[in-house]
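Shown next: protein-v3.tsv, containing TSV, C-alpha atoms.
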```
chain	number	residue	atom	x	y	z
A	1	MET	CA	-7.68	22.09	15.74
A	2	GLN	CA	-9.19	24.56	18.24
A	3	TRP	CA	-10.10	21.71	20.60
A	4	TYR	CA	-6.47	20.52	20.65
A	5	LYS	CA	-5.29	24.09	21.29
A	6	ASP	CA	-7.75	24.43	24.19
A	7	VAL	CA	-6.61	21.11	25.69
A	8	LEU	CA	-2.91	22.09	25.53
A	9	SER	CA	-3.53	25.59	26.90
A	10	SER	CA	-5.58	24.23	29.79
A	11	ALA	CA	-2.87	21.64	30.62
A	12	PHE	CA	-0.14	24.31	30.64
A	13	GLU	CA	-2.20	26.73	32.74
A	14	ASN	CA	-2.78	24.03	35.38
A	15	GLY	CA	0.90	24.19	36.36
A	16	SER	CA	2.11	21.00	34.71
A	17	ILE	CA	5.21	22.80	33.32
A	18	LYS	CA	7.93	23.18	35.96
A	19	LYS	CA	11.00	25.38	35.99
A	20	GLY	CA	13.84	23.67	34.12
A	21	ASP	CA	11.53	21.69	31.82
A	22	LYS	CA	12.24	21.84	28.08
A	23	VAL	CA	9.06	21.98	25.98
A	24	GLU	CA	8.47	22.75	22.28
A	25	ILE	CA	5.23	22.91	20.24
A	26	VAL	CA	5.20	21.91	16.54
A	27	GLY	CA	2.42	21.21	14.05
A	28	PHE	CA	2.27	18.56	11.34
A	29	SER	CA	-0.05	17.18	8.67
A	30	CYS	CA	1.46	15.84	5.43
A	31	LEU	CA	4.82	16.19	3.70
A	32	ILE	CA	5.01	19.59	2.01
A	33	GLU	CA	8.17	20.13	-0.05
A	34	LYS	CA	10.02	17.45	1.99
A	35	GLN	CA	8.98	19.12	5.29
A	36	ILE	CA	6.39	17.74	7.71
A	37	LEU	CA	7.10	19.48	11.05
A	38	PHE	CA	6.44	23.23	11.34
A	39	PRO	CA	8.63	24.76	12.58
A	40	SER	CA	11.52	22.39	11.79
A	41	LYS	CA	13.99	24.19	14.11
A	42	TRP	CA	13.18	23.76	17.79
A	43	ASN	CA	13.55	26.20	20.66
A	44	PHE	CA	12.79	24.56	24.02
A	45	THR	CA	11.50	26.65	26.92
A	46	ASP	CA	9.81	26.36	30.33
A	47	ASN	CA	8.04	29.74	29.96
A	48	VAL	CA	4.31	28.97	30.11
A	49	GLN	CA	3.25	32.26	28.46
A	50	GLU	CA	5.64	31.64	25.56
A	51	LEU	CA	4.29	28.11	25.15
A	52	LEU	CA	0.69	29.39	25.17
A	53	ALA	CA	1.63	31.85	22.43
A	54	ARG	CA	3.18	29.04	20.35
A	55	VAL	CA	0.03	26.95	20.77
A	56	ASP	CA	-2.03	29.84	19.46
A	57	LYS	CA	0.22	30.15	16.36
A	58	ILE	CA	-0.19	26.52	15.26
A	59	GLN	CA	-1.57	26.38	11.73
A	60	GLU	CA	-2.98	23.62	9.58
A	61	ASN	CA	-0.57	22.53	6.85
A	62	LYS	CA	-2.89	20.36	4.79
A	63	ARG	CA	-2.76	19.01	1.26
A	64	ILE	CA	-6.11	18.77	-0.54
A	65	GLU	CA	-5.37	15.47	-2.28
A	66	TYR	CA	-5.05	13.66	1.10
A	67	ASN	CA	-8.65	14.57	2.12
A	68	GLY	CA	-7.64	15.79	5.58
A	69	ARG	CA	-5.58	12.72	6.50
A	70	VAL	CA	-2.15	13.12	8.04
A	71	GLN	CA	1.16	11.21	8.12
A	72	THR	CA	1.52	10.65	11.86
A	73	HIS	CA	4.19	7.93	11.83
A	74	ILE	CA	6.45	9.95	9.49
A	75	ALA	CA	6.04	13.00	11.78
A	76	ILE	CA	7.02	10.89	14.82
A	77	ASN	CA	10.11	9.60	13.01
A	78	GLU	CA	11.13	13.17	12.11
A	79	ALA	CA	10.61	14.25	15.74
A	80	LEU	CA	12.86	11.38	16.88
A	81	ASN	CA	15.51	12.59	14.41
A	82	LEU	CA	15.42	16.10	15.87
A	83	LEU	CA	15.41	14.86	19.48
A	84	GLU	CA	18.40	12.61	18.77
A	85	ALA	CA	20.26	15.62	17.37
A	86	GLN	CA	19.48	17.73	20.49
A	87	ASN	CA	21.58	15.58	22.86
A	88	LEU	CA	19.23	16.48	25.71
A	89	ASP	CA	20.40	15.85	29.25
A	90	LEU	CA	16.82	15.31	30.48
A	91	PRO	CA	14.37	12.42	30.02
A	92	ALA	CA	12.40	13.07	26.81
A	93	SER	CA	9.01	12.12	25.42
A	94	ILE	CA	6.77	12.95	22.44
A	95	PHE	CA	3.10	13.96	22.84
A	96	VAL	CA	1.02	13.53	19.64
A	97	LEU	CA	-2.34	15.35	19.45
A	98	SER	CA	-4.01	14.22	16.24
A	99	ASP	CA	-7.25	12.78	14.87
A	100	ASP	CA	-7.18	9.08	14.02
A	101	ARG	CA	-7.16	9.95	10.32
A	102	SER	CA	-3.60	8.91	9.62
A	103	MET	CA	-2.57	7.45	6.27
A	104	PRO	CA	-0.97	3.98	6.35
A	105	PRO	CA	2.69	4.57	7.21
A	106	VAL	CA	5.15	4.05	4.35
A	107	LEU	CA	8.49	3.92	6.19
A	108	THR	CA	11.97	2.60	5.48
A	109	GLY	CA	14.68	1.81	7.98
A	110	GLU	CA	14.07	1.67	11.74
A	111	LEU	CA	10.39	1.99	12.69
A	112	PRO	CA	9.15	4.53	15.31
A	113	GLY	CA	8.28	1.87	17.94
A	114	PRO	CA	11.66	0.09	18.22
A	115	ARG	CA	13.46	3.38	17.72
A	116	SER	CA	11.67	5.20	20.56
A	117	ARG	CA	12.35	2.26	22.90
A	118	ARG	CA	16.03	2.30	21.91
A	119	MET	CA	16.21	6.05	22.62
A	120	ASP	CA	14.11	5.76	25.85
A	121	ILE	CA	11.58	8.24	24.44
A	122	PRO	CA	7.98	7.17	25.20
A	123	ILE	CA	5.16	8.36	22.92
A	124	TYR	CA	1.85	9.68	24.28
A	125	GLY	CA	-1.28	10.15	22.18
A	126	VAL	CA	-4.38	12.35	22.46
A	127	THR	CA	-7.28	11.89	20.04
A	128	PHE	CA	-10.51	13.82	19.52
A	129	PHE	CA	-13.25	11.19	19.75
A	130	LYS	CA	-15.21	10.39	16.58
A	131	LYS	CA	-17.43	7.46	15.67
A	132	SER	CA	-15.03	6.22	13.01
A	133	THR	CA	-11.27	5.76	13.37
A	134	PHE	CA	-8.48	5.05	10.90
A	135	TYR	CA	-4.78	4.29	11.50
A	136	ASP	CA	-4.33	5.29	15.15
A	137	ILE	CA	-1.18	5.29	17.31
A	138	GLU	CA	-2.66	3.68	20.43
A	139	GLU	CA	-0.57	0.51	19.90
A	140	LEU	CA	2.56	2.61	19.31
A	141	CYS	CA	1.98	4.39	22.64
A	142	ALA	CA	1.65	1.05	24.44
A	143	GLN	CA	4.81	-0.34	22.77
A	144	THR	CA	6.86	2.66	23.96
A	145	TYR	CA	5.45	2.71	27.56
A	146	GLY	CA	3.57	5.97	26.93
A	147	GLY	CA	-0.14	6.70	27.44
A	148	TYR	CA	-3.15	7.21	25.17
A	149	ILE	CA	-6.30	9.31	25.70
A	150	ILE	CA	-9.54	9.25	23.73
A	151	GLU	CA	-12.33	10.86	25.79
A	152	SER	CA	-15.77	9.89	24.46
A	153	THR	CA	-17.28	13.20	25.63
A	154	ASN	CA	-14.40	15.33	24.29
A	155	ASP	CA	-14.29	17.16	27.61
A	156	VAL	CA	-11.43	19.69	27.46
A	157	ASN	CA	-10.85	19.77	31.23
A	158	ALA	CA	-10.78	15.97	31.60
A	159	VAL	CA	-8.30	15.50	28.74
A	160	SER	CA	-6.10	18.43	29.79
A	161	GLN	CA	-5.94	16.99	33.34
A	162	ALA	CA	-4.86	13.64	31.89
A	163	ILE	CA	-2.13	15.39	29.85
A	164	ALA	CA	-0.97	17.23	32.98
A	165	THR	CA	-0.73	13.87	34.76
A	166	PHE	CA	1.29	12.43	31.87
A	167	LEU	CA	3.63	15.43	31.92
A	168	THR	CA	4.35	15.02	35.63
A	169	ASP	CA	4.76	11.24	35.75
A	170	PHE	CA	6.26	10.25	32.37
A	171	GLU	CA	9.74	10.09	33.96
A	172	ARG	CA	8.48	7.43	36.37
A	173	ARG	CA	6.61	5.58	33.60
A	174	HIS	CA	9.49	5.21	31.17
A	175	ALA	CA	12.39	4.87	33.61
A	176	GLY	CA	13.15	1.27	34.58
A	177	LEU	CA	10.58	-0.44	32.33
A	178	TYR	CA	13.22	-1.48	29.79
A	179	TYR	CA	16.44	-3.09	31.05
A	180	PRO	CA	18.98	-4.06	28.38
A	181	PHE	CA	21.64	-6.40	29.81
A	182	SER	CA	24.01	-9.17	28.78
A	183	TYR	CA	25.02	-12.34	30.61
A	184	THR	CA	27.27	-15.40	30.41
A	185	SER	CA	25.56	-18.76	30.99
A	186	SER	CA	27.17	-21.90	32.42
A	187	PHE	CA	24.31	-24.16	31.31
A	188	GLU	CA	25.13	-27.19	29.20
A	189	LYS	CA	23.98	-27.02	25.58
A	190	ASP	CA	21.09	-29.42	25.97
A	191	GLY	CA	18.38	-27.68	23.89
A	192	LYS	CA	16.17	-27.17	26.96
A	193	ASN	CA	14.63	-24.11	28.67
A	194	HIS	CA	16.18	-23.02	32.00
A	195	THR	CA	14.69	-20.60	34.52
A	196	VAL	CA	16.78	-17.49	35.29
A	197	LYS	CA	15.99	-15.12	38.18
A	198	ILE	CA	16.95	-11.44	38.30
A	199	ASP	CA	17.21	-9.53	41.58
A	200	SER	CA	16.41	-5.79	41.63
A	201	LYS	CA	15.63	-3.21	44.28
A	202	ASP	CA	11.91	-3.76	43.62
A	203	GLY	CA	12.07	-7.52	44.09
A	204	GLN	CA	12.83	-10.60	42.07
A	205	SER	CA	11.67	-11.51	38.54
A	206	GLY	CA	12.31	-14.51	36.34
A	207	PHE	CA	12.29	-15.54	32.72
A	208	SER	CA	12.81	-18.68	30.70
A	209	LEU	CA	16.21	-18.95	28.94
A	210	PRO	CA	16.24	-21.27	25.90
A	211	VAL	CA	19.64	-22.98	25.68
A	212	PRO	CA	20.70	-24.13	22.18
A	213	SER	CA	21.68	-27.69	21.36
A	214	LYS	CA	25.26	-28.70	20.52
A	215	ASN	CA	26.33	-28.22	16.92
A	216	ILE	CA	27.80	-31.00	14.79
A	217	VAL	CA	31.42	-30.10	15.60
A	218	GLU	CA	30.79	-30.22	19.37
A	219	LEU	CA	28.96	-33.56	19.07
A	220	ILE	CA	31.94	-35.08	17.16
A	221	GLN	CA	34.43	-33.79	19.73
A	222	ASP	CA	32.42	-35.34	22.59
A	223	ASN	CA	32.03	-38.73	20.80
A	224	LEU	CA	35.26	-39.12	18.80
A	225	LEU	CA	35.41	-42.98	18.62
A	226	ILE	CA	31.77	-43.33	17.54
A	227	SER	CA	32.29	-40.57	15.00
A	228	VAL	CA	35.30	-42.39	13.43
A	229	ILE	CA	33.31	-45.65	13.16
A	230	ILE	CA	30.35	-43.87	11.57
A	231	PHE	CA	32.64	-42.04	9.14
A	232	THR	CA	34.35	-45.33	8.08
A	233	LEU	CA	30.99	-47.02	7.49
A	234	PHE	CA	29.84	-44.00	5.51
A	235	ILE	CA	32.91	-44.12	3.21
A	236	GLY	CA	32.41	-47.87	2.61
A	237	LEU	CA	28.74	-47.28	1.78
A	238	VAL	CA	29.66	-44.51	-0.69
A	239	ILE	CA	32.16	-46.82	-2.50
A	240	LEU	CA	29.58	-49.62	-2.73
A	241	ILE	CA	26.92	-47.29	-4.10
A	242	PHE	CA	29.39	-45.89	-6.66
A	243	MET	CA	30.29	-49.39	-7.97
A	244	MET	CA	26.63	-50.39	-8.27
A	245	PHE	CA	25.86	-47.12	-10.02
A	246	LYS	CA	28.68	-47.66	-12.56
A	247	LYS	CA	27.54	-51.24	-13.33
A	248	ASN	CA	23.93	-50.12	-13.85
A	249	LYS	CA	25.11	-47.26	-16.06
A	250	LEU	CA	26.94	-49.64	-18.45
A	251	LYS	CA	23.91	-51.89	-18.66
A	252	LYS	CA	21.64	-48.96	-19.40
A	253	GLU	CA	23.96	-47.73	-22.15
A	254	GLU	CA	23.80	-51.12	-23.95
A	255	LEU	CA	20.02	-51.15	-23.71
A	256	GLU	CA	19.87	-47.58	-24.96
A	257	ILE	CA	21.88	-48.43	-28.12
A	258	GLN	CA	19.50	-51.30	-28.92
A	259	ARG	CA	16.44	-49.13	-28.33
A	260	LYS	CA	17.78	-46.41	-30.64
A	261	LYS	CA	18.08	-48.87	-33.52
A	262	GLU	CA	14.51	-50.07	-33.02
A	263	TYR	CA	13.19	-46.51	-32.59
A	264	ALA	CA	14.91	-45.34	-35.79
A	265	GLU	CA	13.02	-47.93	-37.80
A	266	ILE	CA	9.71	-47.14	-36.16
A	267	GLU	CA	10.22	-43.39	-36.55
A	268	LEU	CA	10.82	-43.72	-40.30
A	269	ASN	CA	7.48	-45.49	-40.74
A	270	GLN	CA	5.73	-43.05	-38.46
A	271	ARG	CA	7.17	-40.04	-40.27
A	272	GLU	CA	5.69	-41.11	-43.58
A	273	ALA	CA	2.30	-41.75	-41.98
A	274	GLU	CA	2.41	-38.45	-40.12
A	275	GLN	CA	3.19	-36.48	-43.26
A	276	LYS	CA	0.15	-37.95	-44.98
A	277	LEU	CA	-2.03	-37.32	-41.92
A	278	ALA	CA	-0.69	-33.76	-41.55
A	279	LYS	CA	-1.67	-32.95	-45.12
A	280	GLN	CA	-5.20	-34.23	-44.50
A	281	GLU	CA	-5.36	-32.32	-41.20
A	282	MET	CA	-4.28	-29.07	-42.85
A	283	GLU	CA	-7.02	-29.40	-45.45
A	284	LEU	CA	-9.59	-30.11	-42.74
A	285	GLN	CA	-8.39	-27.14	-40.66
A	286	ARG	CA	-8.62	-24.86	-43.70
A	287	MET	CA	-12.22	-25.91	-44.26
A	288	LYS	CA	-13.06	-25.38	-40.57
A	289	GLU	CA	-11.36	-21.96	-40.57
A	290	ASP	CA	-13.36	-20.89	-43.63
A	291	GLU	CA	-16.56	-21.98	-41.89
A	292	ARG	CA	-15.57	-20.15	-38.67
A	293	LEU	CA	-14.73	-16.91	-40.48
A	294	GLU	CA	-18.00	-17.06	-42.37
A	295	ALA	CA	-19.96	-17.63	-39.12
A	296	GLU	CA	-18.11	-14.80	-37.34
A	297	ALA	CA	-18.77	-12.42	-40.22
A	298	LEU	CA	-22.48	-13.30	-40.11
A	299	MET	CA	-22.54	-12.84	-36.32
A	300	ARG	CA	-20.81	-9.45	-36.56
A	301	GLU	CA	-23.29	-8.35	-39.21
A	302	LYS	CA	-26.22	-9.34	-36.99
A	303	GLN	CA	-24.67	-7.63	-33.97
A	304	ALA	CA	-24.02	-4.48	-36.02
A	305	GLN	CA	-27.63	-4.46	-37.21
A	306	LYS	CA	-28.87	-4.99	-33.65
A	307	GLN	CA	-26.57	-2.25	-32.30
A	308	ALA	CA	-27.65	0.14	-35.08
A	309	GLN	CA	-31.31	-0.50	-34.24
A	310	GLU	CA	-30.60	-0.01	-30.52
A	311	ASP	CA	-28.70	3.22	-31.25
A	312	GLU	CA	-31.63	4.45	-33.34
A	313	ASN	CA	-34.08	3.66	-30.50
A	314	GLN	CA	-31.88	5.45	-27.95
A	315	LEU	CA	-31.44	8.43	-30.29
A	316	GLN	CA	-35.24	8.76	-30.53
A	317	LYS	CA	-35.37	8.81	-26.72
A	318	MET	CA	-32.66	11.50	-26.69
A	319	LEU	CA	-34.79	13.60	-29.07
A	320	GLU	CA	-37.92	13.33	-26.89
A	321	ARG	CA	-36.77	16.48	-25.04
A	322	GLY	CA	-37.00	18.43	-28.31
A	323	ASN	CA	-33.26	18.94	-28.72
A	324	LEU	CA	-30.00	16.99	-28.54
A	325	PRO	CA	-27.61	17.44	-25.59
A	326	TRP	CA	-24.31	19.30	-26.03
A	327	PHE	CA	-20.99	20.01	-24.36
A	328	GLU	CA	-19.86	23.56	-23.77
A	329	PHE	CA	-16.03	23.58	-23.72
A	330	ARG	CA	-13.47	26.06	-22.47
A	331	PHE	CA	-9.65	26.12	-22.69
A	332	GLY	CA	-7.92	29.32	-21.68
A	333	ASN	CA	-9.71	32.07	-23.60
A	334	GLU	CA	-11.06	29.65	-26.22
A	335	THR	CA	-14.72	28.55	-25.86
A	336	GLY	CA	-17.23	26.66	-27.98
A	337	SER	CA	-19.79	23.85	-28.01
A	338	PHE	CA	-20.19	20.35	-29.41
A	339	GLN	CA	-23.61	18.79	-30.05
A	340	ILE	CA	-24.01	15.11	-29.06
A	341	GLN	CA	-25.77	13.34	-31.96
A	342	THR	CA	-25.23	9.69	-31.00
A	343	PRO	CA	-26.09	7.65	-27.89
A	344	ARG	CA	-22.48	6.34	-27.77
A	345	LEU	CA	-19.92	9.13	-28.06
A	346	THR	CA	-16.15	8.56	-27.81
A	347	VAL	CA	-13.83	11.50	-27.13
A	348	GLY	CA	-10.04	11.69	-27.46
A	349	ARG	CA	-7.07	12.95	-29.42
A	350	ASP	CA	-7.24	10.12	-31.99
A	351	ALA	CA	-9.04	10.91	-35.26
A	352	ASN	CA	-11.10	7.67	-34.96
A	353	ASN	CA	-13.12	9.18	-32.08
A	354	ASP	CA	-16.58	10.71	-32.59
A	355	TRP	CA	-15.23	13.97	-31.16
A	356	THR	CA	-11.51	14.63	-31.71
A	357	ILE	CA	-9.87	17.07	-29.25
A	358	ASN	CA	-6.32	17.67	-30.42
A	359	HIS	CA	-4.64	18.73	-27.16
A	360	PRO	CA	-1.55	17.18	-25.46
A	361	THR	CA	-3.36	16.76	-22.09
A	362	VAL	CA	-6.09	14.67	-23.75
A	363	SER	CA	-5.39	10.95	-24.25
A	364	ARG	CA	-5.78	9.23	-27.65
A	365	ASN	CA	-8.97	7.59	-26.31
A	366	HIS	CA	-9.93	9.61	-23.22
A	367	PHE	CA	-13.58	8.94	-22.29
A	368	GLN	CA	-16.91	7.67	-23.57
A	369	LEU	CA	-20.41	9.13	-23.05
A	370	ILE	CA	-23.25	6.59	-23.13
A	371	PHE	CA	-26.98	7.35	-23.24
A	372	TYR	CA	-29.30	4.51	-22.29
A	373	ASP	CA	-32.97	4.86	-21.27
A	374	TYR	CA	-32.73	8.57	-20.31
A	375	VAL	CA	-29.50	8.16	-18.30
A	376	TYR	CA	-26.20	9.70	-19.44
A	377	THR	CA	-23.09	7.91	-18.13
A	378	ILE	CA	-19.49	9.08	-18.55
A	379	ARG	CA	-16.74	6.41	-18.45
A	380	ASP	CA	-12.95	6.88	-18.33
A	381	LEU	CA	-11.09	4.89	-21.04
A	382	ASN	CA	-7.90	4.39	-18.99
A	383	SER	CA	-6.71	7.91	-19.85
A	384	SER	CA	-3.42	9.33	-18.55
A	385	ASN	CA	-4.89	12.33	-16.71
A	386	GLY	CA	-8.30	10.81	-15.84
A	387	ILE	CA	-11.65	12.64	-15.70
A	388	PHE	CA	-13.05	14.80	-12.91
A	389	VAL	CA	-16.79	15.37	-12.49
A	390	ASN	CA	-17.51	18.37	-10.30
A	391	ASP	CA	-13.89	18.28	-9.02
A	392	VAL	CA	-14.12	14.56	-8.06
A	393	LYS	CA	-12.00	12.06	-9.98
A	394	VAL	CA	-14.18	9.19	-11.27
A	395	SER	CA	-13.80	6.16	-13.47
A	396	GLU	CA	-17.55	6.11	-14.22
A	397	ALA	CA	-20.37	8.44	-13.17
A	398	GLU	CA	-23.90	9.46	-14.10
A	399	LEU	CA	-24.10	12.95	-15.65
A	400	ASN	CA	-26.78	15.55	-14.95
A	401	HIS	CA	-27.52	18.89	-16.57
A	402	GLY	CA	-24.89	21.48	-15.64
A	403	ASP	CA	-22.22	19.01	-14.46
A	404	CYS	CA	-18.64	20.22	-14.95
A	405	ILE	CA	-16.15	17.73	-16.41
A	406	GLN	CA	-12.38	18.31	-16.37
A	407	VAL	CA	-10.49	16.52	-19.18
A	408	GLY	CA	-6.78	17.35	-18.93
A	409	GLU	CA	-6.71	21.14	-19.23
A	410	ILE	CA	-10.10	21.23	-21.07
A	411	THR	CA	-13.24	22.17	-19.07
A	412	LEU	CA	-16.57	20.77	-20.35
A	413	THR	CA	-20.06	21.68	-19.14
A	414	PHE	CA	-22.82	19.15	-19.89
A	415	HIS	CA	-26.20	20.47	-21.11
A	416	ILE	CA	-29.38	18.50	-21.78
```

Please, can you express the file's structure as structure tokens?
Amino acid sequence: MQWYKDVLSSAFENGSIKKGDKVEIVGFSCLIEKQILFPSKWNFTDNVQELLARVDKIQENKRIEYNGRVQTHIAINEALNLLEAQNLDLPASIFVLSDDRSMPPVLTGELPGPRSRRMDIPIYGVTFFKKSTFYDIEELCAQTYGGYIIESTNDVNAVSQAIATFLTDFERRHAGLYYPFSYTSSFEKDGKNHTVKIDSKDGQSGFSLPVPSKNIVELIQDNLLISVIIFTLFIGLVILIFMMFKKNKLKKEELEIQRKKEYAEIELNQREAEQKLAKQEMELQRMKEDERLEAEALMREKQAQKQAQEDENQLQKMLERGNLPWFEFRFGNETGSFQIQTPRLTVGRDANNDWTINHPTVSRNHFQLIFYDYVYTIRDLNSSNGIFVNDVKVSEAELNHGDCIQVGEITLTFHI
């Protein structure tokens, strides 16, 4: 932040602001209560000392949950809104000084690039150089005929001189680079590309004009006799196809009646055979289901015995320290502790959990603590409010002595 302030101050002090210019300084970071630009009401001035004072007053308006990232594209869109409402009688531009730590833009409606070109407002960007970049605006600057600076040495004087150059020549850069115009062509509709030349005071330029082909109505009008012949042949073909279709339909109906009689006889015989087979199949399925249930019950019993033995082994390892671990909990003024007596502990509001915490911010099945070979692991069970270990939201993490776990509005401290 201080580097950006130094760059702006140096650019202003070098005389880049001229009498009659209209300049405003605003800060931005992330949407805070539906506001992203601070201040939101603009007061343009050409007074360098006033601008330097405004630069000094810029503050960071950050939100912790965004980890320092900002919403650059939303800020640009809001700036375009305010500029459009100003009805300025001077050429305008937007200078964005921001790290390349922007969040992916989530925008609706007209995007900043096409909008700035429509309003003839180029966008310039200045970025403090870092080894890693995120969602930058370099492409947006190029699309809007602005400039972009990222100085690898982060030299204040070099960057401020570049900004001063931008401020003095942006009128020349954005004027005349975008020429909207309309035209009437006398080319025949032949579906080909034709070369069109445009004369201007700076010379002559050309572009390729794709001419569309004639539509069906135009083709019929140009070839009326051929169209009538084709239409007559088409009607005759339709009548012939219809008569053949009707004849085939009658023949198919007769065959279908005969087939239904034969099928009815066959189906009666098949139905009796199928009923007998179905009865045998049901008996066989019942026997197989009994065998499957018996095998599954045996498997579950073996797995339960194996798990119980494994839990006993892990519990012995937990006791090697001389004591069992415990949670110290705190909610408001209420405190207490809970001793962990099993290597697999489930915690939640439901009474089926090993430790039931009856609090509305705790999910029915909130998290699980697993001990395996001297390592304690906490795992979120898809809870509503999640778990935070040392103020960091995790889905799974290894716990160490003294770690602080936030579960809803309950604070737990882990002790070994």

Using all atoms listed in the file, which residues sit within 10 Å of region 16-26 of chain A once same-chain residues fewer than 3 positions away are excluded, as a PyMOL selection string? chain A and resi 8+10-13+36-48+50-55+57-59+79+88+90-96+160-161+163-168

Point-to-point distance from CA of Arg118 (chain A) to CA of Leu80 (chain A), Å rounded to tenths: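 The value is 10.9 Å.
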
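Residues near the point (-6.9, 13.1, 27.5), at a distance of 10 Å or less over all atoms listed in the file, make up Val7, Ala11, Leu97, Tyr124, Gly125, Val126, Thr127, Phe128, Gly147, Tyr148, Ile149, Ile150, Glu151, Ser152, Asn154, Asp155, Val156, Asn157, Ala158, Val159, Ser160, Gln161, Ala162, Ile163, Ala164, Thr165 and Phe166 of chain A.
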
What's the separation between CA of Lys130 (chain A) and CA of Ser98 (chain A), in Å to one decimal place?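 Going from CA of Lys130 (chain A) over to CA of Ser98 (chain A) covers 11.8 Å.
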
Contacts of Leu319 (chain A) within 12 Å, all atoms listed in the file, excl. fewer than 3 positions in-chain, as a short mmCIF file (atom, residue, chain, number, x, y, z; two decimals) with C-alpha atoms, in the coordinates of the input:
```
data_model
loop_
_atom_site.label_atom_id
_atom_site.label_comp_id
_atom_site.auth_asym_id
_atom_site.auth_seq_id
_atom_site.Cartn_x
_atom_site.Cartn_y
_atom_site.Cartn_z
CA GLU A 312 -31.63 4.45 -33.34
CA ASN A 313 -34.08 3.66 -30.50
CA GLN A 314 -31.88 5.45 -27.95
CA LEU A 315 -31.44 8.43 -30.29
CA GLN A 316 -35.24 8.76 -30.53
CA GLY A 322 -37.00 18.43 -28.31
CA ASN A 323 -33.26 18.94 -28.72
CA LEU A 324 -30.00 16.99 -28.54
CA PRO A 325 -27.61 17.44 -25.59
CA ILE A 340 -24.01 15.11 -29.06
CA GLN A 341 -25.77 13.34 -31.96
CA THR A 342 -25.23 9.69 -31.00
CA PRO A 343 -26.09 7.65 -27.89
CA PHE A 371 -26.98 7.35 -23.24
CA ASP A 373 -32.97 4.86 -21.27
CA TYR A 374 -32.73 8.57 -20.31
CA ILE A 416 -29.38 18.50 -21.78
#
```

CA of Met103 (chain A) and CA of Val70 (chain A) are how many Å apart?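 Interatomic distance here is 6.0 Å.
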
Which residue of A:Ser395, A:Asn358, A:Gln339, A:Ser9 approaches Thr413 (chain A) most closely, using all atoms listed in the file: A:Gln339

Near region 347-350 of chain A, within 9 Å and counting only C-alpha atoms, which residues show up once chain neighbours fewer than 5 positions away are dropped, as a ChimeraX atom specification? /A:355-360,362-369

Judged by only C-alpha atoms, the minimum distance to Glu138 (chain A) among A:Gln35, A:Ser185, A:Asn390, A:Thr72 is found for A:Thr72

Residue nearest Pro112 (chain A) among A:Ile76, A:Leu82, A:Ala142, A:Leu268 (counting all atoms listed in the file): A:Ile76

What's the 10 Å shell around region 193-198 of chain A, counting only C-alpha atoms, without same-chain residues fewer than 2 positions away, as a ChimeraX atom specification? /A:185,187,190-191,200,203-212

With C-alpha atoms kept, could you save the residues just selected as an mmCIF file, in the coordinates of the input?
```cif
data_model
loop_
_atom_site.group_PDB
_atom_site.id
_atom_site.type_symbol
_atom_site.label_atom_id
_atom_site.label_comp_id
_atom_site.auth_asym_id
_atom_site.auth_seq_id
_atom_site.Cartn_x
_atom_site.Cartn_y
_atom_site.Cartn_z
ATOM 1 C CA SER A 185 25.560 -18.760 30.990
ATOM 2 C CA PHE A 187 24.310 -24.160 31.310
ATOM 3 C CA ASP A 190 21.090 -29.420 25.970
ATOM 4 C CA GLY A 191 18.380 -27.680 23.890
ATOM 5 C CA SER A 200 16.410 -5.790 41.630
ATOM 6 C CA GLY A 203 12.070 -7.520 44.090
ATOM 7 C CA GLN A 204 12.830 -10.600 42.070
ATOM 8 C CA SER A 205 11.670 -11.510 38.540
ATOM 9 C CA GLY A 206 12.310 -14.510 36.340
ATOM 10 C CA PHE A 207 12.290 -15.540 32.720
ATOM 11 C CA SER A 208 12.810 -18.680 30.700
ATOM 12 C CA LEU A 209 16.210 -18.950 28.940
ATOM 13 C CA PRO A 210 16.240 -21.270 25.900
ATOM 14 C CA VAL A 211 19.640 -22.980 25.680
ATOM 15 C CA PRO A 212 20.700 -24.130 22.180
#
```

Option closest in space to Val106 (chain A), from A:His73, A:Asn248, A:Ala308, A:Glu334 [counting all atoms listed in the file]: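 Selected residue with least distance to Val106 (chain A): A:His73.
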
Could you please fill out region 221-225 of chain A with N, CA, C and O atoms and send it back as a PDB file, in the coordinates of the input?
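The new file rebuild-v2.pdb reads:
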```pdb
ATOM      1  N   GLN A 221      33.363 -33.885  18.733  1.00  0.00           N
ATOM      2  CA  GLN A 221      34.430 -33.790  19.730  1.00  0.00           C
ATOM      3  C   GLN A 221      34.096 -34.583  20.992  1.00  0.00           C
ATOM      4  O   GLN A 221      34.982 -35.187  21.613  1.00  0.00           O
ATOM      5  N   ASP A 222      32.826 -34.616  21.377  1.00  0.00           N
ATOM      6  CA  ASP A 222      32.420 -35.340  22.590  1.00  0.00           C
ATOM      7  C   ASP A 222      32.330 -36.853  22.368  1.00  0.00           C
ATOM      8  O   ASP A 222      32.350 -37.629  23.331  1.00  0.00           O
ATOM      9  N   ASN A 223      32.193 -37.302  21.103  1.00  0.00           N
ATOM     10  CA  ASN A 223      32.030 -38.730  20.800  1.00  0.00           C
ATOM     11  C   ASN A 223      32.971 -39.091  19.646  1.00  0.00           C
ATOM     12  O   ASN A 223      32.530 -39.504  18.560  1.00  0.00           O
ATOM     13  N   LEU A 224      34.284 -38.982  19.867  1.00  0.00           N
ATOM     14  CA  LEU A 224      35.260 -39.120  18.800  1.00  0.00           C
ATOM     15  C   LEU A 224      35.292 -40.542  18.229  1.00  0.00           C
ATOM     16  O   LEU A 224      35.286 -40.731  17.002  1.00  0.00           O
ATOM     17  N   LEU A 225      35.323 -41.599  19.087  1.00  0.00           N
ATOM     18  CA  LEU A 225      35.410 -42.980  18.620  1.00  0.00           C
ATOM     19  C   LEU A 225      34.193 -43.351  17.776  1.00  0.00           C
ATOM     20  O   LEU A 225      34.315 -43.923  16.679  1.00  0.00           O
TER      21      LEU A 225
END
```
